[in-house]
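**Q** Take this structure first; my questions come after.
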Amino acid sequence: MAQSMGLLKISRKLHKWLMLFVGVQFVIWSITGAYMVFFDIDYIHGDSLVINHQTKIDPNTIHYSLKSLLNDYPQAKQISVGTFINQNVYRFSVIGKKLMINATSGQLLSPIDKQTGQAAARHYYSGAGQISETELLVDNPPFELSPRALPAWRINFDDFGAPSIYISAQTGQLVGKRHEFWRLFDWMFRFHIMDYGAAEEVDNMLLFWITLAGILACIFGLVLVYFRIFKRNSETLTRSSKAAAMKKSNLS
Amino acid sequence: MPWIRKIHKWASIIVGIQFLLWLGSGIYFNVMDHDKAAGRTYKAYSQIDVKVDTQKLLEPSTVLVQFKPSVTLTLTTLLSKPVYLLTHEQGLYKHFENHYTLVDAYAGQQIHIDKNMANALAKQSYSGPGVIGVSTLLDVPISDFPRQHNATWQIKFDDDVETSVYVEAGSGRIVGHSDADRRLADIFFMLHFMDYGNEGSFNSVQMILFTFVALWLSLTGIVWTVDLAFRGQYQISWLAKKTKNRTL
């Protein structure tokens with residue numbers, strides 16, 4: 001009995017002290033964790049920002065043959081046929097550079113200009129808002145865009161959540177879709193894994209030590225829960241006996 | 001303050017154990033070997049350069065008319081043979097539902113990924129010492145890859161870490177590898193995301209409810225801590241004794 005009371009006292013003390021140091025991170029974990037869980041991950045990914053067009057290729061309008069393509073671009077690799085807005089196109093790469101040509105005329109379409117980039121963004125974008133800003137990104141992409149997608153047009157819309165649609169300047173394809181909810185999610189994730197540096201790394205030492213202290217604090221907290229549920233009577237007993245003792249001393 | 005304490009105690013009763021699981025799995029992610037946890041122990045990275053005789057390639061337009069309407073036609077290679085991958089319905093991501101047809105780019109015949117072909121594709125992606133045990137065509141959901149939404153071949157190798165290679169039946173794409181290390185990591189992910197139904201998601205009802213309660217637990221906890229500090233409850237006892245002695 002006295003032993004278990006000692007455990008209770010120690011647990012209370014250590015829970016109190018450990019949480020003084022790691023409590024703030026617990027709050028950060030809870031807030032960031034809740035944010036990441038409350039919002040549907042597909043929404044975070046911006047899936048609802050775009051229309052997943054299923055425009056089919058019309059084979060009868062492909063007058064520019066693969067043979068002529070290989071004749072004009074003998075080094076063409078990764079060849080595909082698809083559509084760009086409403087025209088049939090070939091996409092391929094020549095020594096690391098991606099090209100797009102019209103599959104009816106063989107006319108080179110890439111790199112696409114600002115107007116075409118905006119037209120593509122409007123084609124993919126599911127919202128009703130207006131374009132607020134258009135920018136060609138050649139190097140140093142923002143964190144939300146993979147460097148592999150460069151060069152790309154960033155087209156911002158003036159809708160809720162400040163959406164950005166990224167269109168490859170070489171292939172005209174949709175290469176990114178971001179809004180504030182993703183940007184906030186990314187920020188939340190960094191705080192969740194205590195990555196206060198540049199890289200998103202989950203194996204940092206700060207996280208390790210704080211989590212270790214957090215585990216101890218949590219275990220002592222669980223001891224308190226245990227006493228609360230299973231030893232409630234004994235606790236109230238000691239309290240009431242204390243009170244009785246105090247009464248006694250007051251009387252005397 | 002009594003309310004803060006009451007909420008804190010009740011919230012801890014509800015989410016206390018899960019909180020410990022969150023921390024325990026969290027520290028596991030911190031210390032685990034990320035390559036192993038991704039199941040890449042026996043992943044082969046070598047790329048085979050396939051010689052394609054471009055003169056023999058069929059024209060895309062003649063292939064396209066012979067099959068269902070396509071969104072894209074992609075020239076690629078499977079087991080050192082050029083093929084056209086036709087995508088009829090394209091998902092936003094590869095693991096979302098997609099409808100494909102594979103066509104021999106020389107002969108124009110449709111290619112079906114049968115067991116032999118799936119085995120050969122898996123071998124190409126595998127660098128370990130094991131040999132193929134069982135190969136099964138799995139329908140979704142696939143327990144090692146719960147987010148994969150397309151039918152997939154599972155090819156089991158009899159190595160020390162029980163590697164399974166997953167090959168998408170429609171396209172021949174390597175979905176990924178899984179093995180004992182990855183499955184162990186998956187258990188911790190399941191605990192961390194409370195994904196007890198293996199849905200590959202952390203947006204579940206139980207997760208939302210528990211994080212909501214956990215939010216209350218930590219917020220009341222921090223208020224309690226600040227309150228204790230203001231009431232002078234954070235004193236180091238021997239320092240406190242010293243001051244007491246001095247006042248005496």
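Ordered as shown in the structure tokens, chains take letters A, B, and onward, while each chain numbers its residues from 1 and ligands are numbered from 1 in the order shown.
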Could the residues of chain B within 8 Å of chain A, counting only C-alpha atoms, be given as number ranges by chain, please?

**A** B: 9, 12-13, 16-17, 19-20, 23-24, 26-27, 29-31, 54-55, 59-62, 64-65, 69-76, 88-92, 202-203, 207-208, 211-212, 214-215, 218-219, 221-222, 225, 234

**Q** Include N, CA and C atoms and write out the residues we just selected as a CSV table (one decimal), in the first residue's frame.

**A**
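Saved file part-v5.csv follows:
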```
chain,number,residue,atom,x,y,z
B,9,LYS,N,-8.2,14.5,-17.2
B,9,LYS,CA,-8.2,13.1,-16.7
B,9,LYS,C,-9.1,12.2,-17.6
B,12,SER,N,-7.4,11.5,-20.9
B,12,SER,CA,-6.3,10.6,-20.8
B,12,SER,C,-6.8,9.1,-20.6
B,13,ILE,N,-8.0,9.0,-20.0
B,13,ILE,CA,-8.5,7.6,-19.9
B,13,ILE,C,-8.9,7.1,-21.3
B,16,GLY,N,-5.2,7.6,-23.7
B,16,GLY,CA,-3.9,7.3,-23.0
B,16,GLY,C,-3.1,6.3,-23.7
B,17,ILE,N,-3.7,5.1,-23.9
B,17,ILE,CA,-3.0,3.9,-24.5
B,17,ILE,C,-2.5,4.3,-25.9
B,19,PHE,N,-2.1,7.1,-27.1
B,19,PHE,CA,-1.0,8.1,-27.1
B,19,PHE,C,0.3,7.5,-27.0
B,20,LEU,N,0.4,6.5,-26.2
B,20,LEU,CA,1.7,5.8,-26.0
B,20,LEU,C,2.0,5.0,-27.3
B,23,LEU,N,3.5,7.6,-29.7
B,23,LEU,CA,4.9,7.9,-29.4
B,23,LEU,C,5.8,6.7,-29.7
B,24,GLY,N,5.4,5.5,-29.4
B,24,GLY,CA,6.2,4.3,-29.6
B,24,GLY,C,6.5,4.1,-31.1
B,26,GLY,N,6.1,6.4,-33.4
B,26,GLY,CA,6.8,7.6,-33.8
B,26,GLY,C,8.3,7.4,-33.7
B,27,ILE,N,8.7,6.9,-32.5
B,27,ILE,CA,10.2,6.7,-32.3
B,27,ILE,C,10.7,5.6,-33.2
B,29,PHE,N,9.7,5.1,-36.3
B,29,PHE,CA,10.0,5.8,-37.6
B,29,PHE,C,11.3,6.6,-37.6
B,30,ASN,N,11.6,7.1,-36.4
B,30,ASN,CA,12.8,7.9,-36.2
B,30,ASN,C,14.0,7.0,-36.3
B,31,VAL,N,14.0,5.8,-35.8
B,31,VAL,CA,15.2,5.0,-35.8
B,31,VAL,C,15.3,4.0,-36.9
B,54,THR,N,13.3,0.5,-85.0
B,54,THR,CA,12.2,1.5,-85.2
B,54,THR,C,11.5,1.3,-86.6
B,55,GLN,N,12.3,0.6,-87.5
B,55,GLN,CA,11.7,0.4,-88.8
B,55,GLN,C,10.5,-0.6,-88.7
B,59,GLU,N,2.6,1.7,-86.9
B,59,GLU,CA,2.1,3.1,-86.7
B,59,GLU,C,1.1,3.1,-85.6
B,60,PRO,N,1.3,4.1,-84.7
B,60,PRO,CA,0.3,4.2,-83.6
B,60,PRO,C,-1.1,4.3,-84.1
B,61,SER,N,-1.3,5.0,-85.2
B,61,SER,CA,-2.7,5.2,-85.6
B,61,SER,C,-3.4,3.9,-86.0
B,62,THR,N,-2.6,3.0,-86.6
B,62,THR,CA,-3.2,1.7,-87.0
B,62,THR,C,-3.4,0.8,-85.7
B,64,LEU,N,-4.2,2.1,-82.7
B,64,LEU,CA,-5.2,2.8,-82.0
B,64,LEU,C,-6.6,2.4,-82.5
B,65,VAL,N,-6.8,2.3,-83.8
B,65,VAL,CA,-8.1,2.0,-84.4
B,65,VAL,C,-8.5,0.5,-84.0
B,69,PRO,N,-11.2,3.1,-77.6
B,69,PRO,CA,-10.6,4.5,-77.7
B,69,PRO,C,-9.6,4.7,-76.5
B,70,SER,N,-8.5,5.4,-76.8
B,70,SER,CA,-7.4,5.6,-75.8
B,70,SER,C,-7.2,7.0,-75.5
B,71,VAL,N,-6.8,7.3,-74.3
B,71,VAL,CA,-6.4,8.6,-73.8
B,71,VAL,C,-4.9,8.8,-74.2
B,72,THR,N,-4.1,7.8,-74.0
B,72,THR,CA,-2.7,7.9,-74.4
B,72,THR,C,-2.2,6.5,-75.0
B,73,LEU,N,-1.2,6.6,-75.8
B,73,LEU,CA,-0.5,5.5,-76.3
B,73,LEU,C,1.0,5.7,-76.0
B,74,THR,N,1.6,4.8,-75.3
B,74,THR,CA,3.0,5.0,-74.9
B,74,THR,C,3.8,3.9,-75.4
B,75,LEU,N,4.9,4.3,-76.1
B,75,LEU,CA,5.9,3.2,-76.5
B,75,LEU,C,6.8,2.9,-75.4
B,76,THR,N,6.8,1.7,-75.0
B,76,THR,CA,7.7,1.3,-73.9
B,76,THR,C,8.2,-0.1,-74.1
B,88,HIS,N,-6.9,3.5,-71.6
B,88,HIS,CA,-8.3,3.8,-72.0
B,88,HIS,C,-9.0,4.7,-71.0
B,89,GLU,N,-8.8,4.4,-69.7
B,89,GLU,CA,-9.3,5.3,-68.7
B,89,GLU,C,-8.2,5.6,-67.8
B,90,GLN,N,-7.9,6.9,-67.6
B,90,GLN,CA,-6.7,7.3,-66.9
B,90,GLN,C,-7.0,7.8,-65.5
B,91,GLY,N,-6.5,7.2,-64.5
B,91,GLY,CA,-6.6,7.7,-63.1
B,91,GLY,C,-5.7,8.9,-62.9
B,92,LEU,N,-6.0,9.7,-61.9
B,92,LEU,CA,-5.2,10.8,-61.6
B,92,LEU,C,-3.8,10.4,-61.1
B,202,PHE,N,-5.3,7.5,-43.2
B,202,PHE,CA,-5.4,8.0,-41.8
B,202,PHE,C,-6.5,9.0,-41.6
B,203,ASN,N,-7.5,9.0,-42.6
B,203,ASN,CA,-8.6,9.9,-42.5
B,203,ASN,C,-9.8,9.1,-41.9
B,207,MET,N,-9.6,7.7,-36.1
B,207,MET,CA,-8.5,8.6,-36.0
B,207,MET,C,-8.9,10.0,-35.7
B,208,ILE,N,-10.0,10.4,-36.4
B,208,ILE,CA,-10.4,11.8,-36.2
B,208,ILE,C,-10.9,12.0,-34.8
B,211,THR,N,-7.8,11.9,-32.3
B,211,THR,CA,-7.0,13.1,-32.4
B,211,THR,C,-7.7,14.3,-31.8
B,212,PHE,N,-9.0,14.3,-31.9
B,212,PHE,CA,-9.8,15.4,-31.3
B,212,PHE,C,-9.7,15.4,-29.8
B,214,ALA,N,-7.3,13.8,-28.2
B,214,ALA,CA,-5.9,14.1,-27.8
B,214,ALA,C,-5.5,15.6,-27.8
B,215,LEU,N,-6.2,16.3,-28.7
B,215,LEU,CA,-6.0,17.8,-28.8
B,215,LEU,C,-6.5,18.4,-27.4
B,218,SER,N,-3.8,17.5,-24.6
B,218,SER,CA,-2.6,18.2,-24.6
B,218,SER,C,-2.9,19.7,-24.3
B,219,LEU,N,-4.0,20.2,-24.8
B,219,LEU,CA,-4.3,21.6,-24.5
B,219,LEU,C,-4.6,21.9,-23.0
B,221,GLY,N,-3.5,20.0,-20.7
B,221,GLY,CA,-2.3,19.7,-20.0
B,221,GLY,C,-1.4,20.9,-19.9
B,222,ILE,N,-1.3,21.6,-21.1
B,222,ILE,CA,-0.4,22.8,-21.1
B,222,ILE,C,-1.0,23.9,-20.2
B,225,THR,N,-0.1,23.0,-16.7
B,225,THR,CA,1.3,23.2,-16.5
B,225,THR,C,1.6,24.7,-16.2
B,234,TYR,N,6.5,24.6,-9.5
B,234,TYR,CA,7.7,24.1,-10.1
B,234,TYR,C,8.9,24.6,-9.3
```

**Q** With only C-alpha atoms as the counted atoms, please give the residues lying no more than 6 Å from segment 136-140 of chain B, apart from itself and same-chain residues fewer than 6 positions off, as a PyMOL selection string.

**A** chain B and resi 151-154

**Q** Based on the backbone DSSP call, show me all residues of segment 1-236 of chain A assigned alpha helix (DSSP H), as number ranges by chain.

**A** A: 2-38, 41-44, 66-72, 114-124, 180-192, 205-230, 232-236

**Q** So, with only C-alpha atoms as the atoms that count, which of A:Gly172, A:Pro142, A:Gly127, A:Gly6 lies closest to Phe157 of chain A?

**A** A:Gly127

**Q** I'd like the neighbourhood of Asp35 of chain B as an MDAnalysis selection string, where a residue qualifies if any of its atoms comes within 12 Å (using only C-alpha atoms), though same-chain residues fewer than 3 positions away should be ignored.

**A** chainID B and resid 29 31:32 38:43 177:179 181:182 185

**Q** Between atom CA of Leu69 of chain A and atom CA of Ile48 of chain B, measure the distance and give it in Å to one decimal.

**A**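 A separation of 24.4 Å between them.
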
**Q** Considering only C-alpha atoms, return as an NGL selection string whatever protein or nucleic-acid residues lie within 9 Å of Pro82 of chain B, sequence-local ones (same chain, fewer than 5 positions apart) excluded.

**A** :B and (50-53 or 57 or 75-77 or 103-106)

**Q** To one decimal place in Å, what is the distance between atom CA of His179 of chain A and atom CA of Trp22 of chain B?

**A**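 Straight-line distance from atom CA of His179 of chain A to atom CA of Trp22 of chain B works out to 28.5 Å.
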
**Q** Considering only C-alpha atoms, return as number ranges by chain whatever protein or nucleic-acid residues lie within 10 Å of Asp158 of chain A, sequence-local ones (same chain, fewer than 3 positions apart) excluded.

**A** A: 127-133, 161-164

**Q** Give me, please, the distance in Å between atom CA of Gln18 of chain B and atom CA of Leu184 of chain A, quoted to one decimal.

**A**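 Calculated distance between atom CA of Gln18 of chain B and atom CA of Leu184 of chain A is 25.4 Å.
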
**Q** For Ser25 of chain B, find every residue with an atom within 6 Å (counting only C-alpha atoms), except residues of its own chain fewer than 4 positions away, and show them as number ranges by chain.

**A** B: 21, 188, 192

**Q** Given the selection you just returned, output its residues as a file containing C-alpha atoms, formatted as a PDB file, in the first residue's frame.

**A**
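Below is the file again28.pdb, written as the result:
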```
ATOM      1  CA  LEU B  21       1.283   3.826 -29.274  1.00  0.00           C
ATOM      2  CA  PHE B 188       3.931   0.551 -36.866  1.00  0.00           C
ATOM      3  CA  HIS B 192       0.392   5.323 -35.780  1.00  0.00           C
TER       4      HIS B 192
END
```

**Q** For each of B:Ile174, B:Met190, B:Leu228, B:Val15, take the minimum atom-to-atom distance to Tyr45 of chain B, counting only C-alpha atoms, then give the residue where this is smallest.

**A**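 With only C-alpha atoms as the atom set, the closest residue is B:Ile174.
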